[in-house]
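The structure file work-v5.txt is reproduced below (compact mmCIF, C-alpha atoms).
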# COMPACT_ATOMS: atom_id res chain seq x y z
CA MET A 1 87.26 113.58 63.38
CA GLY A 2 85.43 112.44 66.51
CA PRO A 3 85.69 114.18 69.89
CA LEU A 4 88.01 111.51 71.27
CA ALA A 5 90.41 111.72 68.32
CA ARG A 6 90.33 115.53 68.50
CA THR A 7 91.16 115.40 72.22
CA ALA A 8 93.99 112.94 71.53
CA VAL A 9 95.53 115.29 68.93
CA TYR A 10 95.27 118.27 71.32
CA VAL A 11 96.83 116.22 74.09
CA VAL A 12 99.76 115.01 71.96
CA LEU A 13 100.46 118.57 70.77
CA THR A 14 100.24 119.97 74.31
CA ALA A 15 102.46 117.16 75.60
CA GLY A 16 105.10 117.98 72.98
CA ILE A 17 105.07 121.70 73.75
CA VAL A 18 105.06 121.27 77.53
CA THR A 19 107.80 118.62 77.50
CA ALA A 20 110.05 120.64 75.17
CA SER A 21 109.57 123.74 77.29
CA ARG A 22 110.23 121.91 80.56
CA TRP A 23 113.27 120.13 79.16
CA ARG A 24 114.74 123.42 77.91
CA THR A 25 114.33 125.05 81.32
CA ALA A 26 115.55 122.01 83.34
CA ARG A 27 119.04 123.43 83.91
CA PRO A 28 117.98 126.79 85.41
CA ARG A 29 115.39 125.01 87.55
CA ALA A 30 118.01 122.52 88.77
CA GLN A 31 120.30 125.43 89.61
CA GLN A 32 117.42 127.06 91.50
CA ARG A 33 116.87 123.79 93.39
CA MET A 34 120.55 123.62 94.33
CA ASP A 35 120.44 127.23 95.54
CA GLU A 36 117.42 126.33 97.65
CA ILE A 37 119.26 123.38 99.21
CA TRP A 38 122.26 125.58 99.94
CA ARG A 39 120.02 128.20 101.52
CA ARG A 40 118.24 125.56 103.62
CA THR A 41 121.35 123.72 104.84
CA GLY A 42 123.73 126.65 105.02
CA VAL A 43 126.34 124.43 103.33
CA THR A 44 128.26 126.01 100.48
CA LEU A 45 130.12 123.77 98.07
CA GLY A 46 132.98 125.00 95.93
CA PRO A 47 132.59 125.67 92.19
CA GLU A 48 134.22 122.32 91.35
CA ALA A 49 131.65 120.39 93.42
CA ALA A 50 128.79 122.49 92.04
CA ALA A 51 129.86 121.80 88.45
CA ARG A 52 130.09 118.09 89.27
CA LEU A 53 126.67 117.88 90.90
CA LEU A 54 124.66 120.16 88.58
CA PRO A 55 124.21 117.62 85.70
CA VAL A 56 122.86 115.07 88.20
CA MET A 57 120.43 117.62 89.61
CA VAL A 58 119.30 118.47 86.05
CA ARG A 59 118.45 114.80 85.46
CA ARG A 60 116.76 114.54 88.87
CA THR A 61 114.62 117.56 88.04
CA ALA A 62 113.81 116.76 84.42
CA TRP A 63 112.92 113.05 84.47
CA PRO A 64 110.29 113.03 87.26
CA LEU A 65 108.69 116.07 85.64
CA PHE A 66 108.76 114.49 82.19
CA GLY A 67 107.27 111.22 83.51
CA GLY A 68 104.58 113.11 85.42
CA VAL A 69 103.52 115.29 82.48
CA LEU A 70 103.56 112.38 80.03
CA CYS A 71 101.47 110.02 82.20
CA TYR A 72 99.07 112.83 83.10
CA LEU A 73 98.40 113.56 79.44
CA VAL A 74 98.10 109.88 78.53
CA ALA A 75 95.50 109.44 81.30
CA PHE A 76 93.63 112.56 80.26
CA VAL A 77 92.59 111.10 76.86
CA PRO A 78 90.34 108.30 78.17
CA MET A 79 89.19 110.38 81.13
CA SER A 80 88.11 113.25 78.87
CA VAL A 81 85.31 110.97 77.66
CA LEU A 82 83.80 111.31 81.11
CA LEU A 83 83.76 115.09 80.84
CA GLU A 84 81.78 114.86 77.57
CA TRP A 85 79.02 113.16 79.50
CA ARG A 86 76.27 115.50 80.61
CA PRO A 87 73.73 114.97 83.43
CA GLY A 88 70.40 113.68 82.25
CA ALA A 89 71.93 111.44 79.59
CA GLU A 90 70.41 108.01 79.28
CA ARG A 91 73.69 106.21 79.54
CA GLY A 92 77.03 107.17 80.98
CA PRO A 93 80.27 106.16 79.31
CA TRP A 94 80.51 102.99 81.40
CA GLY A 95 76.84 102.06 81.66
CA PRO A 96 73.54 103.44 82.86
CA VAL A 97 74.30 105.94 85.61
CA ARG A 98 72.05 108.69 86.87
CA ASP A 99 73.16 111.89 88.51
CA GLY A 100 76.83 111.03 88.29
CA SER A 101 78.37 114.13 86.69
CA PRO A 102 80.13 115.46 89.85
CA LEU A 103 81.61 112.00 90.33
CA SER A 104 82.93 112.11 86.76
CA VAL A 105 84.80 115.33 87.50
CA LEU A 106 86.17 113.86 90.75
CA LEU A 107 87.21 110.67 88.98
CA THR A 108 88.92 112.60 86.18
CA ILE A 109 90.92 114.66 88.67
CA ALA A 110 91.82 111.60 90.75
CA VAL A 111 92.85 109.44 87.78
CA CYS A 112 94.90 112.22 86.18
CA GLY A 113 96.56 112.93 89.56
CA PHE A 114 97.26 109.22 89.95
CA ALA A 115 98.82 109.06 86.48
CA ALA A 116 100.97 112.16 87.06
CA VAL A 117 102.32 110.84 90.36
CA THR A 118 102.96 107.38 88.86
CA GLY A 119 104.91 108.94 85.98
CA SER A 120 106.89 111.11 88.36
CA LEU A 121 107.64 108.07 90.53
CA LEU A 122 108.98 106.20 87.51
CA GLY A 123 111.15 109.22 86.70
CA HIS A 124 112.53 109.24 90.26
CA LEU A 125 113.25 105.51 90.02
CA LEU A 126 115.00 105.95 86.67
CA VAL A 127 117.39 108.69 87.82
CA GLY A 128 117.63 107.58 91.45
CA HIS A 129 119.55 104.51 90.40
CA ARG A 130 122.44 106.70 89.27
CA SER A 131 124.45 107.98 92.20
CA PHE A 132 126.23 111.29 92.36
CA PRO A 133 129.84 110.96 91.15
CA ARG A 134 132.42 110.63 93.94
CA ALA A 135 134.65 113.61 94.58
CA PRO A 136 138.36 113.13 93.93
CA GLY A 137 140.47 112.93 97.09
CA ASP A 138 141.31 110.61 99.97
CA VAL A 139 138.75 111.76 102.54
CA ARG A 140 135.33 110.08 102.62
CA SER A 141 132.41 110.84 104.84
CA ALA A 142 129.35 108.75 105.73
CA ARG A 143 126.58 108.52 108.24
CA ALA A 144 127.08 105.90 110.98
CA SER A 145 123.43 105.07 111.62
CA ALA A 146 121.11 103.28 109.21
CA ARG A 147 119.01 105.47 106.94
CA THR A 148 115.25 105.30 107.30
CA PRO A 149 112.47 107.15 105.43
CA SER A 150 111.51 109.05 108.60
CA ASP A 151 114.98 110.67 108.64
CA TYR A 152 114.36 112.34 105.31
CA VAL A 153 110.64 113.02 105.15
CA ALA A 154 108.89 115.59 107.33
CA PRO A 155 106.83 113.82 110.06
CA ALA A 156 103.60 115.53 109.01
CA LEU A 157 104.03 114.44 105.38
CA LEU A 158 104.81 110.86 106.36
CA SER A 159 101.80 110.85 108.65
CA ALA A 160 99.60 112.29 105.86
CA TRP A 161 100.72 109.45 103.60
CA ARG A 162 100.01 106.77 106.23
CA ARG A 163 96.59 108.24 107.04
CA SER A 164 95.57 108.66 103.42
CA THR A 165 96.57 105.04 102.72
CA LEU A 166 94.57 103.89 105.74
CA GLY A 167 91.62 106.04 104.59
CA VAL A 168 91.78 104.56 101.08
CA THR A 169 91.81 101.03 102.53
CA ILE A 170 88.71 101.75 104.65
CA VAL A 171 86.87 103.41 101.75
CA LEU A 172 87.82 100.52 99.47
CA VAL A 173 86.17 98.07 101.88
CA LEU A 174 83.13 100.36 102.25
CA ASP A 175 82.72 100.87 98.51
CA ALA A 176 83.33 97.20 97.75
CA SER A 177 80.50 96.27 100.09
CA VAL A 178 77.90 98.58 98.53
CA LEU A 179 78.78 100.03 95.13
CA PRO A 180 79.12 97.01 92.80
CA ALA A 181 75.67 95.75 93.79
CA ARG A 182 74.08 99.17 93.15
CA GLU A 183 76.16 100.80 90.43
CA ALA A 184 78.25 98.11 88.86
CA ALA A 185 79.99 100.27 86.21
CA VAL A 186 80.88 103.26 88.39
CA GLY A 187 81.58 100.98 91.35
CA LEU A 188 84.12 99.06 89.31
CA VAL A 189 85.91 102.22 88.18
CA VAL A 190 86.02 103.68 91.71
CA LEU A 191 87.19 100.36 93.17
CA THR A 192 89.89 100.05 90.50
CA LEU A 193 91.12 103.56 91.29
CA LEU A 194 91.22 102.80 95.03
CA ALA A 195 93.05 99.51 94.47
CA LEU A 196 95.56 101.18 92.13
CA THR A 197 96.12 103.90 94.73
CA LEU A 198 97.05 101.24 97.27
CA LEU A 199 99.40 99.71 94.70
CA LEU A 200 100.94 103.15 94.13
CA ALA A 201 101.48 103.50 97.90
CA GLY A 202 103.30 100.15 97.91
CA GLY A 203 105.31 101.11 94.82
CA SER A 204 106.27 104.45 96.37
CA TRP A 205 107.54 102.64 99.47
CA LEU A 206 109.70 100.36 97.29
CA VAL A 207 111.11 103.36 95.39
CA LEU A 208 111.88 105.10 98.71
CA ARG A 209 113.77 102.02 99.88
CA ALA A 210 115.65 101.85 96.56
CA LEU A 211 116.69 105.52 96.87
CA LEU A 212 117.75 105.01 100.50
CA ASP A 213 119.91 102.02 99.58
CA ARG A 214 121.84 104.00 96.97
CA PRO A 215 125.28 105.07 98.22
CA LEU A 216 125.90 108.69 99.18
CA PRO A 217 129.59 108.98 98.35
CA SER A 218 130.76 112.21 100.00
CA ALA A 219 134.17 113.82 100.29
CA SER A 220 133.37 115.86 103.39
CA ARG A 221 130.77 116.33 106.11
CA ASP A 222 129.44 119.37 104.25
CA GLU A 223 128.98 117.43 101.04
CA LEU A 224 127.20 114.67 102.98
CA VAL A 225 124.79 117.20 104.46
CA TRP A 226 124.16 118.59 100.98
CA ARG A 227 123.54 115.14 99.46
CA GLU A 228 121.21 114.16 102.29
CA ALA A 229 119.25 117.37 101.73
CA ALA A 230 118.98 116.52 98.01
CA LEU A 231 117.81 112.99 98.91
CA SER A 232 115.30 114.43 101.34
CA ASP A 233 114.03 116.71 98.58
CA SER A 234 113.37 113.76 96.22
CA MET A 235 111.81 111.62 98.95
CA GLN A 236 109.47 114.37 100.07
CA GLN A 237 108.28 114.77 96.48
CA ILE A 238 107.50 111.04 96.28
CA VAL A 239 105.71 110.88 99.62
CA GLY A 240 103.84 114.14 98.93
CA GLY A 241 102.63 112.79 95.58
CA ALA A 242 101.49 109.49 97.07
CA ALA A 243 99.70 111.32 99.92
CA LEU A 244 97.96 113.65 97.45
CA VAL A 245 96.77 110.76 95.28
CA GLY A 246 95.59 108.95 98.41
CA LEU A 247 93.62 112.01 99.46
CA LEU A 248 92.06 112.38 95.98
CA ALA A 249 91.14 108.69 95.88
CA PHE A 250 89.71 108.93 99.41
CA VAL A 251 87.53 111.92 98.43
CA THR A 252 86.41 110.12 95.26
CA GLY A 253 85.54 106.95 97.20
CA VAL A 254 83.57 108.86 99.84
CA GLY A 255 82.00 110.99 97.08
CA ALA A 256 80.80 107.88 95.26
CA VAL A 257 78.91 106.77 98.36
CA TYR A 258 77.53 110.31 98.94
CA LEU A 259 76.27 110.57 95.37
CA PHE A 260 74.36 107.35 95.66
CA LEU A 261 73.12 107.94 99.20
CA HIS A 262 69.54 107.24 98.18
CA GLN A 263 70.56 103.80 96.93
CA VAL A 264 72.93 102.58 99.63
CA PRO A 265 72.05 101.18 103.05
CA LEU A 266 71.84 103.62 105.95
CA TRP A 267 74.92 102.20 107.70
CA SER A 268 77.19 102.87 104.74
CA ALA A 269 75.82 106.40 104.32
CA ALA A 270 76.56 107.02 108.01
CA ALA A 271 80.02 105.51 107.56
CA ALA A 272 80.66 107.86 104.62
CA VAL A 273 79.64 110.86 106.74
CA VAL A 274 81.90 109.73 109.60
CA LEU A 275 84.80 109.19 107.17
CA GLY A 276 84.27 112.63 105.64
CA VAL A 277 84.31 114.30 109.07
CA THR A 278 87.30 112.34 110.40
CA GLY A 279 89.17 112.89 107.11
CA THR A 280 88.71 116.66 107.44
CA ALA A 281 89.80 116.55 111.10
CA ALA A 282 92.88 114.48 110.17
CA CYS A 283 93.83 117.02 107.45
CA GLY A 284 93.53 119.86 110.01
CA HIS A 285 95.67 117.98 112.54
CA LEU A 286 98.33 117.28 109.91
CA ALA A 287 98.43 120.92 108.83
CA TRP A 288 99.03 121.86 112.48
CA ARG A 289 101.83 119.27 112.80
CA ALA A 290 103.42 120.44 109.55
CA TRP A 291 103.47 123.95 110.98
CA ARG A 292 105.05 122.78 114.27
CA HIS A 293 107.63 120.31 112.84
CA PRO A 294 108.39 121.21 109.24
CA ALA A 295 111.81 119.58 108.78
CA PRO A 296 112.82 115.91 108.47
CA SER A 297 114.98 114.60 111.29
CA ALA A 298 118.03 114.01 109.05
CA LEU A 299 118.30 117.78 108.76
CA GLN A 300 117.22 118.47 112.35
CA TRP A 301 119.91 116.43 114.07
CA ARG A 302 122.62 118.37 112.33
CA GLY A 303 120.93 121.59 113.35
CA VAL A 304 120.95 122.75 109.76
CA ALA A 305 117.21 122.85 109.11
CA GLU A 306 115.30 126.05 109.56
CA MET B 1 126.88 110.84 113.79
CA THR B 2 129.07 111.22 110.71
CA LEU B 3 132.24 109.26 110.13
CA GLU B 4 135.23 110.52 108.19
CA ILE B 5 137.85 108.18 106.75
CA ASP B 6 141.14 109.34 105.31
CA THR B 7 142.52 106.63 103.02
CA SER B 8 145.91 108.35 102.83
CA SER B 9 146.37 108.14 106.61
CA SER B 10 148.85 105.69 108.15
CA VAL B 11 146.04 104.36 110.37
CA PRO B 12 144.24 101.55 108.53
CA PRO B 13 140.63 102.40 107.47
CA PHE B 14 139.09 99.64 109.63
CA GLU B 15 140.83 101.09 112.70
CA GLN B 16 139.66 104.64 111.87
CA LEU B 17 136.13 103.32 111.52
CA ARG B 18 136.29 101.28 114.73
CA SER B 19 137.69 104.10 116.84
CA GLN B 20 135.27 106.72 115.50
CA ILE B 21 132.21 104.56 116.13
CA ALA B 22 133.48 103.60 119.61
CA ARG B 23 134.14 107.26 120.46
CA GLN B 24 130.71 108.35 119.24
CA VAL B 25 129.04 105.59 121.27
CA SER B 26 130.92 106.44 124.47
CA GLY B 27 130.33 110.15 123.88
CA GLY B 28 126.59 109.53 123.60
CA ARG B 29 126.31 110.77 120.01
CA LEU B 30 125.27 107.26 118.96
CA PRO B 31 122.79 106.33 121.70
CA ALA B 32 122.14 102.76 122.79
CA GLY B 33 119.72 100.99 120.48
CA THR B 34 120.72 103.00 117.39
CA ARG B 35 120.74 100.80 114.32
CA LEU B 36 124.01 101.13 112.43
CA ALA B 37 124.24 101.21 108.64
CA THR B 38 124.65 97.79 107.07
CA VAL B 39 128.14 96.65 106.14
CA ARG B 40 127.25 96.89 102.46
CA GLN B 41 125.83 100.40 102.74
CA MET B 42 128.67 101.74 104.87
CA ALA B 43 131.22 100.22 102.46
CA ALA B 44 129.45 101.78 99.46
CA ASP B 45 129.18 105.20 101.13
CA LEU B 46 132.83 105.25 102.18
CA GLY B 47 134.17 103.56 99.05
CA LEU B 48 135.78 100.80 101.15
CA ALA B 49 135.77 97.04 100.71
CA ALA B 50 132.95 95.29 102.55
CA ASN B 51 135.54 93.17 104.40
CA THR B 52 137.14 96.32 105.85
CA VAL B 53 133.83 97.48 107.34
CA ALA B 54 132.97 93.95 108.45
CA ARG B 55 136.30 93.73 110.33
CA ALA B 56 135.61 97.02 112.15
CA TYR B 57 132.13 95.78 113.10
CA ARG B 58 133.55 92.43 114.30
CA GLU B 59 136.04 94.17 116.58
CA LEU B 60 133.38 96.53 117.93
CA GLU B 61 131.17 93.52 118.62
CA ALA B 62 134.03 91.73 120.41
CA ASP B 63 134.52 94.86 122.57
CA GLY B 64 130.80 94.85 123.41
CA VAL B 65 130.20 98.23 121.75
CA ILE B 66 127.71 96.89 119.24
CA ALA B 67 125.58 93.78 118.94
CA THR B 68 124.30 92.01 115.84
CA HIS B 69 120.71 90.77 115.99
CA GLY B 70 120.52 88.51 112.94
CA ARG B 71 118.62 90.00 110.04
CA ARG B 72 117.31 92.90 112.13
CA GLY B 73 120.71 94.55 111.85
CA THR B 74 123.55 95.81 114.02
CA PHE B 75 122.70 97.95 117.04
CA VAL B 76 124.63 100.02 119.55
CA SER B 77 124.85 97.97 122.71
CA SER B 78 123.44 99.43 125.92
CA ALA B 79 126.11 97.82 128.16
CA VAL B 80 128.93 100.04 126.88
CA LEU B 81 127.25 103.13 128.36
CA ASP B 82 127.93 101.78 131.86
CA GLU B 83 131.66 102.25 131.22
CA PRO B 84 132.16 105.95 130.56
CA THR B 85 135.39 107.14 128.91
CA GLU B 86 136.36 109.06 132.09
CA GLN B 87 137.28 105.73 133.73
CA ALA B 88 140.04 105.08 131.16
CA PRO B 89 142.78 107.15 132.93
CA SER B 90 142.18 105.47 136.31
CA LEU B 91 142.18 102.02 134.67
CA ALA B 92 145.46 102.93 132.91
CA SER B 93 147.11 104.01 136.19
CA THR B 94 145.98 100.78 137.87
CA TYR B 95 147.61 98.81 135.04
CA ALA B 96 150.81 100.92 135.22
CA ARG B 97 151.03 100.38 139.00
CA THR B 98 150.55 96.63 138.62
CA ALA B 99 153.15 96.42 135.82
CA ARG B 100 155.74 98.33 137.89
CA ARG B 101 155.07 96.15 140.95
CA ARG B 102 155.71 93.07 138.79
CA GLY B 103 159.00 94.57 137.62
CA LEU B 104 158.08 95.23 134.01
CA THR B 105 159.76 98.04 132.06
CA LEU B 106 157.72 100.65 130.17
CA PRO B 107 158.46 99.10 126.71
CA GLU B 108 157.46 95.68 128.07
CA ALA B 109 154.21 97.06 129.51
CA LEU B 110 153.41 98.90 126.26
CA ALA B 111 154.17 95.77 124.22
CA LEU B 112 151.60 93.88 126.29
CA VAL B 113 149.03 96.62 125.67
CA GLU B 114 149.76 96.59 121.93
CA ARG B 115 149.44 92.80 121.82
CA ALA B 116 146.12 92.95 123.67
CA TRP B 117 144.98 95.83 121.44
CA SER B 118 145.56 94.01 118.15
CA ARG B 119 144.36 90.60 119.49

Show how you would write the structure in this file as structure tokens.
Amino acid sequence: MGPLARTAVYVVLTAGIVTASRWRTARPRAQQRMDEIWRRTGVTLGPEAAARLLPVMVRRTAWPLFGGVLCYLVAFVPMSVLLEWRPGAERGPWGPVRDGSPLSVLLTIAVCGFAAVTGSLLGHLLVGHRSFPRAPGDVRSARASARTPSDYVAPALLSAWRRSTLGVTIVLVLDASVLPAREAAVGLVVLTLLALTLLLAGGSWLVLRALLDRPLPSASRDELVWREAALSDSMQQIVGGAALVGLLAFVTGVGAVYLFLHQVPLWSAAAAVVLGVTGTAACGHLAWRAWRHPAPSALQWRGVAE
Amino acid sequence: MTLEIDTSSSVPPFEQLRSQIARQVSGGRLPAGTRLATVRQMAADLGLAANTVARAYRELEADGVIATHGRRGTFVSSAVLDEPTEQAPSLASTYARTARRRGLTLPEALALVERAWSR
């Protein structure tokens, strides 16, 4: 059995064990998530409402996790080939590359992260299309103003997502101008990852819109607050995942230029240094903003966020 | 900024919706320029027919409370803020004085108000 086949068998076995374990513990984790929402919003629902909403929360917890784990493991099989490659080898897995081992590790992390977030996004899309069941009774509650992503996602997280997408776009242009000419094989892989990351950002936006457009049928103001907090929870996971993948892709793109500094023109090396410095500064600024304004506005205007 | 509709109430749902939005706008809880939920979304959230929500929006637009800007959506109008709710009692007493001067009885004056209200 070759190393790739061996890895594939390990991965399938691990996937089975992890998925079974996660699926079995989905209910207690969903209950924990509901408790967290109650603690955060200060809204307590009766036992009837809790029993009605728990199965939905179980699905909302289990499917994104299942999709994320599955896609991560599927991506790990081809990417593990990269990790078999040692420095000093004549040829890399995708062609003759010298001194590229750190880039292989970066690429493996970035691609696996990308796959996990994509799987999780598909899970969110799958369960997000099913609304919570409406409570029995004659009273209905709704929000008067239109829902927008910025109402449900913390400003710092939304900003991190925008900046990482902008960073990926800039690095894509930078890498496209230098890498394919110098290192065709690696350049192509890095460029593909960057392009897919931009596609993921677009896909995440579409999923956010789809979740926002779903009805929030609520029987009281309290239930509406609770449902909006649950929606905010899902949306922050999506935006956080997309921002993380953007950051990983950005680091990989800048890393690719760094690793081949001796081969690329001076201007692109300088651009990579500038991007690295500004990227670090942007991360610091976002961390500061996240500390100052942690809650999304949908929770702030009701005065229920901490 | 939340609306609550009671379908068992004797007040029709469109009227509950209209009055709650109007009150929130005049009270400043829905500031000028706020984009309202689409008819479809509001109807889905409240479990009402789209026509019911559309009727409430039409009446609010006729009263100048909201304004529809094509595909951009429906927004709270800024003009309504120039007419605070506190003016309502003085406007009512002006009307009552005028009606009495013209010799109308209270039921006749109220009937005129009801007719104007339902338009």

When the cut-off is 7 Å and we count all atoms listed in the file, which residues of chain A are near chain B, given as a PDB file with C-alpha atoms, keeping the file's coordinate frame?
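Final output, saved to part.pdb:
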ATOM      1  CA  ASP A 138     141.310 110.610  99.970  1.00  0.00           C
ATOM      2  CA  VAL A 139     138.750 111.760 102.540  1.00  0.00           C
ATOM      3  CA  ARG A 140     135.330 110.080 102.620  1.00  0.00           C
ATOM      4  CA  SER A 141     132.410 110.840 104.840  1.00  0.00           C
ATOM      5  CA  ALA A 142     129.350 108.750 105.730  1.00  0.00           C
ATOM      6  CA  ARG A 143     126.580 108.520 108.240  1.00  0.00           C
ATOM      7  CA  ALA A 144     127.080 105.900 110.980  1.00  0.00           C
ATOM      8  CA  SER A 145     123.430 105.070 111.620  1.00  0.00           C
ATOM      9  CA  ALA A 146     121.110 103.280 109.210  1.00  0.00           C
ATOM     10  CA  ARG A 147     119.010 105.470 106.940  1.00  0.00           C
ATOM     11  CA  ASP A 213     119.910 102.020  99.580  1.00  0.00           C
ATOM     12  CA  PRO A 215     125.280 105.070  98.220  1.00  0.00           C
ATOM     13  CA  LEU A 216     125.900 108.690  99.180  1.00  0.00           C
ATOM     14  CA  PRO A 217     129.590 108.980  98.350  1.00  0.00           C
TER      15      PRO A 217
END

Practice item. Do a neighbour search on stretch 157-161 of chain A at 7 Å with all atoms listed in the file, toss out local chain neighbours closer than 6 positions, and write the hits as a list in words. Key: Val239, Gly240, Ala242, Ala243 and Leu286 of chain A

Check your understanding: Interatomic distance between atom CA of A:Met57 and atom CA of A:Gly42?
Key ->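 According to the coordinates, atom CA of A:Met57 and atom CA of A:Gly42 are separated by 18.2 Å.
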
Give as a short mmCIF file (atom, residue, chain, number, x, y, z; two decimals) with C-alpha atoms, in the coordinates of the input every residue, naming chains and numbers as the document does, that has an atom within 7 Å of (91.8, 107.9, 93.9), counting all atoms listed in the file.
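The new file point_10.cif reads:
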data_model
loop_
_atom_site.label_atom_id
_atom_site.label_comp_id
_atom_site.auth_asym_id
_atom_site.auth_seq_id
_atom_site.Cartn_x
_atom_site.Cartn_y
_atom_site.Cartn_z
CA ALA A 110 91.82 111.60 90.75
CA VAL A 111 92.85 109.44 87.78
CA PHE A 114 97.26 109.22 89.95
CA LEU A 193 91.12 103.56 91.29
CA LEU A 194 91.22 102.80 95.03
CA THR A 197 96.12 103.90 94.73
CA VAL A 245 96.77 110.76 95.28
CA GLY A 246 95.59 108.95 98.41
CA LEU A 248 92.06 112.38 95.98
CA ALA A 249 91.14 108.69 95.88
CA PHE A 250 89.71 108.93 99.41
CA THR A 252 86.41 110.12 95.26
#
